[in-house]
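Novice: Enclosed is the structure file input_25.txt (compact mmCIF, C-alpha atoms).
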# COMPACT_ATOMS: atom_id res chain seq x y z
CA MET L 1 17.99 -3.73 -24.17
CA THR L 2 20.33 -4.42 -27.04
CA LEU L 3 24.00 -5.36 -26.98
CA HIS L 4 26.10 -4.68 -30.05
CA TRP L 5 29.67 -5.88 -30.45
CA LYS L 6 32.27 -5.80 -33.18
CA TRP L 7 35.40 -7.90 -32.88
CA LEU L 8 38.65 -5.95 -33.14
CA ASN L 9 42.30 -6.81 -33.58
CA GLY L 10 43.99 -6.62 -30.19
CA ASP L 11 47.64 -6.76 -29.22
CA PHE L 12 47.62 -8.93 -26.08
CA ASP L 13 49.92 -11.56 -24.61
CA GLU L 14 47.06 -13.98 -24.02
CA GLU L 15 45.45 -15.43 -27.16
CA ILE L 16 42.00 -15.47 -25.58
CA ASP L 17 42.23 -11.74 -24.81
CA ALA L 18 43.35 -10.95 -28.36
CA LYS L 19 40.58 -13.06 -29.85
CA LEU L 20 37.82 -11.61 -27.64
CA PHE L 21 38.77 -7.94 -27.85
CA GLY L 22 35.90 -5.89 -29.23
CA ALA L 23 33.89 -2.69 -29.36
CA LEU L 24 30.84 -3.14 -27.13
CA LYS L 25 27.75 -0.93 -27.18
CA ILE L 26 24.91 -1.19 -24.64
CA ASP L 27 21.60 0.44 -25.52
CA LEU L 28 18.80 0.67 -22.92
CA ASN L 29 15.53 1.89 -24.42
CA GLY L 30 17.37 4.25 -26.74
CA ARG L 31 19.89 5.44 -24.13
CA VAL L 32 23.42 4.34 -24.94
CA ILE L 33 25.10 3.88 -21.57
CA THR L 34 28.48 3.11 -23.16
CA ARG L 35 28.54 6.52 -24.90
CA SER L 36 31.70 8.37 -23.86
CA TYR L 37 33.94 11.34 -24.58
CA ASP L 38 37.62 10.60 -25.15
CA ARG L 39 39.65 13.38 -23.52
CA VAL L 40 42.73 12.56 -25.62
CA THR L 41 41.20 12.37 -29.10
CA GLU L 42 38.39 14.81 -28.17
CA MET L 43 35.88 12.49 -29.85
CA VAL L 44 32.56 11.01 -28.76
CA ARG L 45 31.86 7.35 -29.43
CA ASP L 46 29.04 4.95 -28.57
CA SER L 47 31.07 1.86 -27.73
CA VAL L 48 33.87 0.87 -25.37
CA ASN L 49 36.85 -1.19 -26.49
CA VAL L 50 37.28 -4.02 -24.00
CA VAL L 51 38.16 -7.69 -23.73
CA ILE L 52 34.69 -9.24 -23.49
CA PHE L 53 35.83 -12.57 -22.03
CA PRO L 54 35.79 -11.50 -18.33
CA LEU L 55 32.33 -9.97 -18.79
CA ALA L 56 30.93 -13.21 -20.23
CA LEU L 57 32.61 -15.28 -17.51
CA ALA L 58 31.18 -13.06 -14.75
CA ILE L 59 27.67 -13.24 -16.20
CA ILE L 60 27.82 -17.04 -16.39
CA LYS L 61 29.23 -17.49 -12.87
CA ASN L 62 26.63 -15.13 -11.37
CA TRP L 63 23.71 -15.85 -13.73
CA TRP L 64 21.06 -16.65 -11.12
CA THR L 65 22.12 -13.97 -8.65
CA LEU L 66 22.49 -11.22 -11.26
CA LEU L 67 19.03 -11.85 -12.69
CA TYR L 68 17.02 -12.97 -9.66
CA GLU L 69 18.36 -11.20 -6.55
CA PRO L 70 16.82 -7.75 -5.95
CA ARG L 71 18.25 -5.19 -3.60
CA LYS L 72 17.22 -6.48 -0.20
CA SER L 73 16.61 -2.94 1.01
CA ASP L 74 17.25 0.68 0.12
CA ASP L 75 20.68 0.50 1.75
CA TYR L 76 22.83 1.34 -1.26
CA GLU L 77 26.02 0.80 0.75
CA ASP L 78 25.25 -2.92 0.91
CA SER L 79 28.35 -4.84 -0.16
CA SER L 80 26.19 -7.27 -2.15
CA GLY L 81 26.10 -4.58 -4.83
CA LEU L 82 29.63 -5.54 -5.88
CA ARG L 83 28.53 -8.88 -7.30
CA HIS L 84 25.83 -7.14 -9.37
CA SER L 85 28.13 -4.48 -10.83
CA LEU L 86 29.42 -5.58 -14.22
CA ASP L 87 32.16 -2.96 -14.23
CA CYS L 88 33.77 -4.70 -11.24
CA TYR L 89 34.64 -7.68 -13.45
CA MET L 90 36.30 -5.83 -16.33
CA ASN L 91 39.94 -6.28 -15.23
CA GLY L 92 40.89 -2.62 -15.41
CA PHE L 93 39.18 -1.72 -18.68
CA CYS L 94 37.12 1.49 -18.67
CA PHE L 95 33.49 0.42 -18.42
CA PRO L 96 30.34 2.31 -17.40
CA ALA L 97 28.92 1.79 -13.93
CA VAL L 98 26.12 -0.69 -14.59
CA ALA L 99 24.50 -3.24 -12.29
CA LEU L 100 21.81 -5.85 -12.86
CA TRP L 101 19.19 -6.55 -10.20
CA SER L 102 15.89 -8.38 -10.18
CA GLY L 103 12.87 -6.10 -10.21
CA GLY L 104 10.48 -8.95 -9.42
CA ALA L 105 8.91 -11.85 -11.27
CA ASP L 106 9.07 -10.52 -14.84
CA THR L 107 11.45 -7.57 -14.53
CA VAL L 108 15.18 -6.90 -14.42
CA THR L 109 16.31 -3.51 -13.17
CA ILE L 110 19.40 -2.01 -14.77
CA GLU L 111 21.10 0.50 -12.49
CA HIS L 112 23.43 2.89 -14.33
CA PRO L 113 24.38 5.91 -12.23
CA ASN L 114 26.51 8.70 -13.65
CA VAL L 115 29.99 8.13 -12.22
CA SER L 116 32.99 10.38 -12.90
CA LEU L 117 36.23 8.52 -13.69
CA GLN L 118 38.87 11.01 -12.54
CA HIS L 119 41.95 9.20 -13.82
CA SER L 120 40.53 7.88 -17.07
CA ARG L 121 40.82 9.22 -20.60
CA LEU L 122 37.11 8.38 -21.04
CA GLU L 123 34.18 10.35 -19.64
CA PHE L 124 30.89 8.45 -19.81
CA LEU L 125 28.11 10.82 -20.81
CA PRO L 126 24.93 11.19 -18.68
CA THR L 127 21.93 9.21 -19.90
CA GLY L 128 19.15 10.67 -17.75
CA SER L 129 17.44 8.24 -15.38
CA SER L 130 19.69 6.04 -13.25
CA PHE L 131 17.29 3.09 -13.44
CA THR L 132 15.80 1.20 -16.37
CA HIS L 133 13.22 -1.55 -15.86
CA LEU L 134 13.18 -4.16 -18.60
CA GLN L 135 11.36 -7.40 -19.34
CA ARG L 136 13.31 -10.29 -17.87
CA ARG L 137 12.92 -12.41 -21.01
CA GLU L 138 14.51 -9.74 -23.22
CA VAL L 139 17.48 -9.24 -20.89
CA GLU L 140 18.12 -12.98 -20.66
CA GLU L 141 17.98 -13.31 -24.44
CA ASN L 142 20.52 -10.49 -24.90
CA LEU L 143 22.94 -11.96 -22.38
CA PHE L 144 22.43 -15.43 -23.86
CA GLU L 145 23.43 -14.18 -27.33
CA LEU L 146 26.55 -12.45 -26.00
CA ILE L 147 27.71 -15.55 -24.15
CA GLN L 148 27.10 -17.81 -27.14
CA ALA L 149 29.09 -15.45 -29.38
CA VAL L 150 32.00 -15.41 -26.91
CA ILE L 151 32.04 -19.21 -26.59
CA GLU L 152 31.96 -19.68 -30.35
CA ARG L 153 34.88 -17.27 -30.89
CA ALA L 154 37.06 -18.29 -27.94
CA PRO L 155 40.22 -20.21 -28.91
CA SER L 156 40.76 -23.66 -27.46
CA GLY L 157 42.43 -23.75 -24.08
CA PRO L 158 41.76 -23.98 -20.32
CA ALA L 159 39.94 -20.63 -20.14
CA SER L 160 37.51 -21.45 -22.94
CA CYS L 161 36.93 -24.93 -21.49
CA GLU L 162 36.01 -23.40 -18.13
CA LEU L 163 33.66 -20.98 -19.87
CA SER L 164 31.89 -23.76 -21.78
CA GLU L 165 31.62 -26.04 -18.74
CA LEU L 166 30.08 -23.33 -16.57
CA TRP L 167 27.64 -22.33 -19.30
CA ASN L 168 26.59 -25.95 -19.94
CA ARG L 169 25.81 -26.21 -16.23
CA VAL L 170 23.42 -23.25 -16.53
CA LEU L 171 21.87 -24.64 -19.73
CA LYS L 172 21.25 -27.97 -17.99
CA SER L 173 19.39 -26.16 -15.21
CA PHE L 174 17.19 -24.46 -17.83
CA GLY L 175 16.04 -27.88 -19.01
CA ASP L 176 14.88 -29.21 -15.63
CA ASP L 177 11.90 -27.37 -14.09
CA GLU L 178 12.62 -28.47 -10.52
CA GLU L 179 16.31 -27.60 -10.77
CA ARG L 180 15.55 -24.25 -12.40
CA GLN L 181 13.12 -23.32 -9.61
CA TYR L 182 15.80 -24.17 -7.06
CA CYS L 183 18.39 -22.06 -8.90
CA GLU L 184 15.99 -19.12 -9.09
CA ALA L 185 15.25 -19.35 -5.34
CA ALA L 186 18.97 -19.50 -4.55
CA GLY L 187 19.54 -16.53 -6.84
CA ARG L 188 16.90 -14.50 -5.02
CA LEU L 189 18.74 -15.22 -1.77
CA GLY L 190 22.05 -14.20 -3.33
CA VAL L 191 23.70 -17.62 -2.98
CA ASP L 192 25.34 -19.89 -5.55
CA PRO L 193 22.98 -22.80 -6.34
CA TYR L 194 25.92 -24.91 -7.53
CA ASP L 195 27.95 -24.61 -4.32
CA PRO L 196 28.22 -28.20 -3.02
CA ASP L 197 28.67 -26.96 0.55
CA ALA L 198 25.63 -24.65 0.50
CA GLU L 199 22.58 -25.38 2.60
CA ASP L 200 19.69 -27.10 0.78
CA ILE L 201 16.89 -24.51 0.86
CA SER L 202 14.21 -26.59 -0.87
CA ALA L 203 12.83 -28.05 2.38
CA LEU L 204 12.19 -24.54 3.72
CA ALA L 205 9.57 -23.99 1.00
CA ASN L 206 7.30 -26.76 2.36
CA GLY L 207 3.76 -25.52 2.98
CA LEU L 208 4.27 -22.21 1.19
CA SER L 209 3.02 -21.17 -2.22
CA GLY L 210 5.60 -20.54 -4.92
CA ARG L 211 4.81 -16.81 -4.93
CA LEU L 212 5.09 -16.49 -1.15
CA PHE L 213 8.40 -18.38 -0.99
CA SER L 214 9.77 -16.24 -3.83
CA ASP L 215 8.77 -13.03 -2.06
CA ILE L 216 10.50 -14.18 1.12
CA CYS L 217 13.69 -15.19 -0.71
CA GLU L 218 13.80 -11.78 -2.41
CA ALA L 219 13.89 -10.03 0.97
CA ALA L 220 15.60 -12.41 3.38
CA THR L 221 19.23 -13.41 3.61
CA LEU L 222 20.15 -17.07 3.97
CA PRO L 223 20.60 -16.85 7.80
CA GLU L 224 17.13 -15.25 8.04
CA LEU L 225 15.33 -17.73 5.80
CA GLN L 226 14.48 -20.34 8.43
CA ALA L 227 12.80 -17.85 10.77
CA ALA L 228 11.02 -16.11 7.90
CA THR L 229 9.53 -19.29 6.45
CA ASP L 230 8.57 -20.63 9.89
CA TRP L 231 6.70 -17.41 10.65
CA ALA L 232 5.03 -17.41 7.21
CA ARG L 233 3.71 -20.94 7.74
CA GLU L 234 2.35 -19.89 11.11
CA GLY L 235 0.79 -16.86 9.49
CA THR L 236 -1.01 -18.90 6.83
CA ARG L 237 -2.48 -21.09 9.58
CA HIS L 238 -3.98 -17.94 11.12
CA PHE L 239 -5.78 -16.98 7.91
CA ASP L 240 -8.82 -18.92 9.15
CA ILE L 241 -9.22 -16.65 12.17
CA VAL L 242 -8.11 -13.21 10.96
CA PRO L 243 -10.74 -10.81 9.54
CA SER L 244 -11.66 -11.29 5.89
CA LEU L 245 -11.72 -8.00 3.97
CA ASP L 246 -13.40 -7.33 0.62
CA VAL L 247 -10.72 -6.26 -1.85
CA SER L 248 -13.13 -6.47 -4.79
CA HIS L 249 -14.69 -3.19 -3.57
CA PHE L 250 -11.54 -1.49 -4.89
CA GLY L 251 -12.76 -2.23 -8.41
CA ALA L 252 -10.49 -3.32 -11.25
CA PHE L 253 -6.78 -2.91 -10.63
CA PRO L 254 -5.54 0.11 -12.61
CA GLU L 255 -3.80 -0.69 -15.86
CA LYS L 256 -0.08 -0.01 -15.83
CA ASN L 257 0.87 3.29 -17.41
CA PRO L 258 4.36 2.85 -18.95
CA GLN L 259 4.95 6.61 -18.65
CA MET L 260 4.60 6.46 -14.86
CA ARG L 261 7.43 5.67 -12.50
CA ILE L 262 6.93 2.81 -10.06
CA TRP L 263 5.96 4.91 -7.05
CA GLU L 264 3.64 7.07 -9.15
CA GLN L 265 1.69 3.92 -10.02
CA GLY L 266 1.30 3.22 -6.31
CA TYR L 267 0.10 6.77 -5.63
CA GLU L 268 -2.39 6.59 -8.49
CA ALA L 269 -3.70 3.22 -7.30
CA ALA L 270 -4.39 4.71 -3.84
CA ARG L 271 -6.33 7.62 -5.36
CA THR L 272 -8.30 5.19 -7.52
CA ALA L 273 -9.19 3.08 -4.48
CA ARG L 274 -10.29 6.11 -2.44
CA LYS L 275 -12.49 7.29 -5.29
CA LYS L 276 -14.04 3.84 -5.81
CA LEU L 277 -14.77 3.54 -2.08
CA ASN L 278 -16.21 7.09 -1.90
CA LEU L 279 -13.59 8.04 0.70
CA GLU L 280 -12.18 11.10 -1.02
CA GLY L 281 -12.01 14.12 1.25
CA ASP L 282 -12.09 12.05 4.43
CA LYS L 283 -9.32 12.22 6.98
CA PRO L 284 -6.62 9.58 6.43
CA ARG L 285 -7.31 7.88 9.75
CA ARG L 286 -10.97 7.51 8.85
CA VAL L 287 -10.06 6.16 5.41
CA VAL L 288 -7.88 3.40 6.86
CA ASP L 289 -10.50 2.58 9.53
CA SER L 290 -13.18 2.35 6.84
CA ILE L 291 -11.13 -0.01 4.69
CA PHE L 292 -9.83 -2.35 7.39
CA GLY L 293 -12.38 -2.16 10.20
CA THR L 294 -11.43 -4.36 13.14
CA ALA L 295 -8.22 -5.50 11.41
CA VAL L 296 -6.49 -2.32 12.62
CA ARG L 297 -6.60 -3.70 16.16
CA ALA L 298 -3.53 -5.55 17.39
CA ASP L 299 -5.55 -8.62 18.41
CA SER L 300 -7.15 -9.07 14.99
CA ALA L 301 -4.41 -9.61 12.41
CA THR L 302 -1.33 -10.11 14.60
CA VAL L 303 0.54 -13.40 14.64
CA GLY L 304 3.13 -14.09 17.34
CA GLY L 305 6.40 -15.96 17.06
CA ASN L 306 9.89 -15.10 15.91
CA HIS L 307 10.26 -13.41 12.56
CA THR L 308 12.89 -11.57 10.58
CA ASN L 309 12.59 -7.85 9.97
CA ALA L 310 12.70 -8.51 6.23
CA LEU L 311 9.22 -10.09 6.40
CA GLU L 312 6.57 -7.55 7.40
CA GLY L 313 3.39 -9.52 6.75
CA ILE L 314 1.61 -11.94 4.43
CA VAL L 315 -1.67 -11.68 2.54
CA ASP L 316 -3.81 -13.96 0.41
CA ARG L 317 -6.71 -13.36 -1.94
CA ASN L 318 -9.64 -15.73 -2.43
CA ASN L 319 -13.08 -15.03 -3.92
CA GLY L 320 -12.42 -11.29 -3.98
CA LYS L 321 -11.51 -11.19 -0.28
CA MET L 322 -8.14 -10.70 1.37
CA ARG L 323 -6.80 -12.00 4.64
CA ILE L 324 -3.77 -10.37 6.22
CA ALA L 325 -1.42 -11.65 8.92
CA LEU L 326 1.14 -9.33 10.52
CA PRO L 327 3.85 -9.72 13.16
CA MET L 328 3.50 -7.83 16.44
CA THR L 329 4.39 -4.19 15.86
CA SER L 330 3.30 -0.64 16.73
CA ALA L 331 -0.13 0.69 15.79
CA ARG L 332 1.40 3.07 13.23
CA LEU L 333 3.42 0.41 11.45
CA ARG L 334 0.49 -2.01 11.58
CA ARG L 335 -1.72 0.44 9.66
CA SER L 336 1.04 1.02 7.12
CA ARG L 337 1.54 -2.68 6.55
CA LEU L 338 -2.19 -3.29 6.23
CA CYS L 339 -2.26 -0.72 3.45
CA ARG L 340 0.72 -2.29 1.72
CA ALA L 341 -0.80 -5.77 2.00
CA SER L 342 -4.08 -4.57 0.49
CA TYR L 343 -2.22 -3.25 -2.57
CA LEU L 344 -0.52 -6.61 -3.07
CA ALA L 345 -3.82 -8.46 -2.62
CA TRP L 346 -5.61 -6.10 -5.01
CA LYS L 347 -3.03 -6.80 -7.71
CA ALA L 348 -2.76 -10.54 -6.99
CA ALA L 349 -4.54 -13.29 -8.89
CA GLU L 350 -7.29 -15.23 -7.16
CA GLY L 351 -5.86 -17.89 -4.86
CA ASP L 352 -2.47 -16.18 -4.63
CA THR L 353 -0.48 -15.52 -1.46
CA ALA L 354 2.14 -12.78 -1.21
CA ALA L 355 4.51 -11.32 1.36
CA VAL L 356 4.97 -7.72 2.49
CA THR L 357 8.75 -7.27 2.64
CA THR L 358 11.60 -4.78 2.75
CA ALA L 359 12.78 -5.73 -0.77
CA THR L 360 12.97 -3.10 -3.51
CA THR L 361 11.14 -5.05 -6.21
CA ILE L 362 8.59 -3.16 -8.29
CA ASP L 363 5.56 -4.51 -6.41
CA GLN L 364 7.07 -3.79 -2.98
CA GLN L 365 8.03 -0.23 -3.97
CA ALA L 366 4.57 0.44 -5.39
CA SER L 367 2.93 -0.95 -2.25
CA ARG L 368 4.93 1.50 -0.11
CA ALA L 369 3.79 4.41 -2.29
CA PHE L 370 0.19 3.15 -2.10
CA ALA L 371 0.34 3.06 1.70
CA ALA L 372 1.95 6.51 1.87
CA GLU L 373 -0.82 8.09 -0.20
CA LEU L 374 -3.54 6.50 1.97
CA LEU L 375 -1.85 7.41 5.26
CA ALA L 376 -0.57 10.88 4.30
CA PRO L 377 -2.21 12.17 1.09
CA LYS L 378 0.05 14.57 -0.77
CA ASP L 379 -2.70 17.19 -1.23
CA LEU L 380 -3.31 17.22 2.52
CA LEU L 381 0.42 17.60 3.20
CA TRP L 382 0.66 20.49 0.75
CA ASP L 383 -2.19 22.25 2.59
CA LEU L 384 -0.55 21.54 5.94
CA ALA L 385 2.85 22.80 4.75
CA GLY L 386 1.52 26.15 3.53
CA GLN L 387 4.18 28.61 2.48
CA ASP L 388 6.65 27.74 5.23
CA GLY L 389 6.87 23.97 4.71
CA LEU L 390 6.52 21.01 7.07
CA THR L 391 8.26 21.37 10.43
CA PRO L 392 8.97 18.61 12.98
CA GLU L 393 6.05 19.86 15.09
CA LEU L 394 3.57 19.69 12.20
CA ILE L 395 4.78 16.21 11.26
CA GLU L 396 4.51 14.94 14.84
CA THR L 397 0.97 16.31 15.21
CA PHE L 398 -0.16 14.83 11.89
CA ALA L 399 1.35 11.45 12.77
CA GLU L 400 -0.41 11.34 16.15
CA GLU L 401 -3.80 12.40 14.77
CA ASN L 402 -3.70 9.92 11.90
CA VAL L 403 -1.76 7.06 13.53
CA CYS L 404 0.87 7.22 10.82
CA PRO L 405 4.65 6.64 10.91
CA GLU L 406 6.50 9.95 10.87
CA GLN L 407 9.01 8.61 8.33
CA THR L 408 6.13 7.90 5.93
CA ILE L 409 5.09 11.55 6.13
CA ILE L 410 8.64 12.77 5.62
CA TRP L 411 9.32 10.59 2.58
CA GLN L 412 5.91 11.40 1.12
CA ALA L 413 6.71 15.10 1.42
CA TYR L 414 10.18 14.63 -0.01
CA ASN L 415 8.94 12.60 -3.00
CA HIS L 416 6.33 15.26 -3.82
CA GLN L 417 8.81 18.13 -3.35
CA ILE L 418 6.92 19.51 -0.36
CA PRO L 419 9.31 21.79 1.60
CA LEU L 420 10.73 20.33 4.82
CA ARG L 421 12.08 22.70 7.49
CA GLY L 422 14.47 21.39 10.13
CA VAL L 423 13.71 17.78 9.12
CA SER L 424 16.32 15.16 8.21
CA LEU L 425 15.48 12.27 5.89
CA PRO L 426 15.17 9.05 7.88
CA ALA L 427 16.35 5.64 6.74
CA LYS L 428 13.92 4.01 4.35
CA GLY L 429 11.85 1.08 5.44
Show this structure as structure tokens.
Specialist:
Amino acid sequence: MTLHWKWLNGDFDEEIDAKLFGALKIDLNGRVITRSYDRVTEMVRDSVNVVIFPLALAIIKNWWTLLYEPRKSDDYEDSSGLRHSLDCYMNGFCFPAVALWSGGADTVTIEHPNVSLQHSRLEFLPTGSSFTHLQRREVEENLFELIQAVIERAPSGPASCELSELWNRVLKSFGDDEERQYCEAAGRLGVDPYDPDAEDISALANGLSGRLFSDICEAATLPELQAATDWAREGTRHFDIVPSLDVSHFGAFPEKNPQMRIWEQGYEAARTARKKLNLEGDKPRRVVDSIFGTAVRADSATVGGNHTNALEGIVDRNNGKMRIALPMTSARLRRSRLCRASYLAWKAAEGDTAAVTTATTIDQQASRAFAAELLAPKDLLWDLAGQDGLTPELIETFAEENVCPEQTIIWQAYNHQIPLRGVSLPAKG
């Protein structure tokens, strides 16, 4: 990600607007998302002419949320998307639709859908993919440079004082490890860590590993956090009695292929695991039974107690073995979550604990694809579909025979372009 700006002379009533008017270009891996066609001049240009002050102010005010909160689910109508959309802060200037979300520990996801501006003289040109996944460090550095440039150029006055004070507050948090960890956790929840009236969330992390608490915060909302952390602590106490499964039999975790999309990495990991375990060609139900043994039974890995729907299980890895704790659920969902947990354990470092959640971070998305390929292999679905495609009857029969959620089969077919006949796409989850 690179941001380029050139200061321009602007005719504005406010001095700060005139001083911070510029041509801004945003380049994401060679795709210029600010590239537009001007319907009046009939020219194409790579930058947008805007007052950059409101953009810098919005980034500073929402720093921790913009960079650390992922989408909590695949519900793209969620109103939380407004605080992640940079174009919402541009005070009427034409700006491309672009939103920043956390993609997980080391990743920021830039969402830039193609949106038609009907009443604008500018038409932003398509850039291909609607999502770009970038290294968190690089994104932070780019935003840091933009903010510093704005602060240095801003004329003296109340607006520039507010900008500097808010930025100094963020810089102070950078310098204190404990405060930074708190700010990151609050950001994952989507709350302002500097709100004096906000609930102190630090006590809710007691007894949980840093990774596990982070995973929970990425999926839960603030009202759900208490129940989620209580259940997670109860789950970790059950690790001593749940079955221990050998994840080292999967072999080395596949190296990331930068040419693959997130879900393709999950699919490929499932095929690698089947091959390593000599389970290729077996029926999906038999594959899952072979991997998890007695853990597929409700009385083996299930932990009671209240829990939030955002938290679907926890898993830890020690000495090449994984232990999985799940809330009470149906047999079909239990098998799906066992598969997802095994992916997270396979990828995890020794001694790590992770959560299976509804969040859309890279690891959670890949774990869903991993589970889908184990439960409903695409090659098997292609054979089942034949020339006519998958019908509701075929899907129901396959789900019953293989103890698999029907929605997993439907999304697996959809993602692999397997024809669906008389089938509607269900909600993700």
Novice: Just give me the gap between atom CA of Gly190 of chain L and atom CA of Leu100 of chain L in Å, one decimal is fine.
Specialist: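 According to the coordinates, atom CA of Gly190 of chain L and atom CA of Leu100 of chain L are separated by 12.7 Å.
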Novice: For Arg332 of chain L, find every residue with an atom within 9 Å (counting only C-alpha atoms), except residues of its own chain fewer than 2 positions away, and show them as a PyMOL selection string.
Specialist: chain L and resi 329-330+334-337+399-400+402-406
Novice: Quick one: residues within 9 Å of segment 420-424 of chain L, only C-alpha atoms counted, chain neighbours fewer than 6 positions away excluded, as a list in words?
Specialist: Ala385, Asp388, Gly389, Leu390, Thr391, Pro392, Ile410, Ala413 and Tyr414 of chain L
Novice: Please determine, counting only C-alpha atoms, which residue among L:Ser164, L:Ser244, L:Gln265, L:Thr107 has the shortest atom-to-atom distance to Thr132 of chain L.
Specialist: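 With only C-alpha atoms as the atom set, the closest residue is L:Thr107.
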Novice: Looking at L:Ser209, L:Ser248, L:Ser47, L:Ser129, which one is nearest to Asp352 of chain L, with distances taken over only C-alpha atoms?
Specialist: L:Ser209
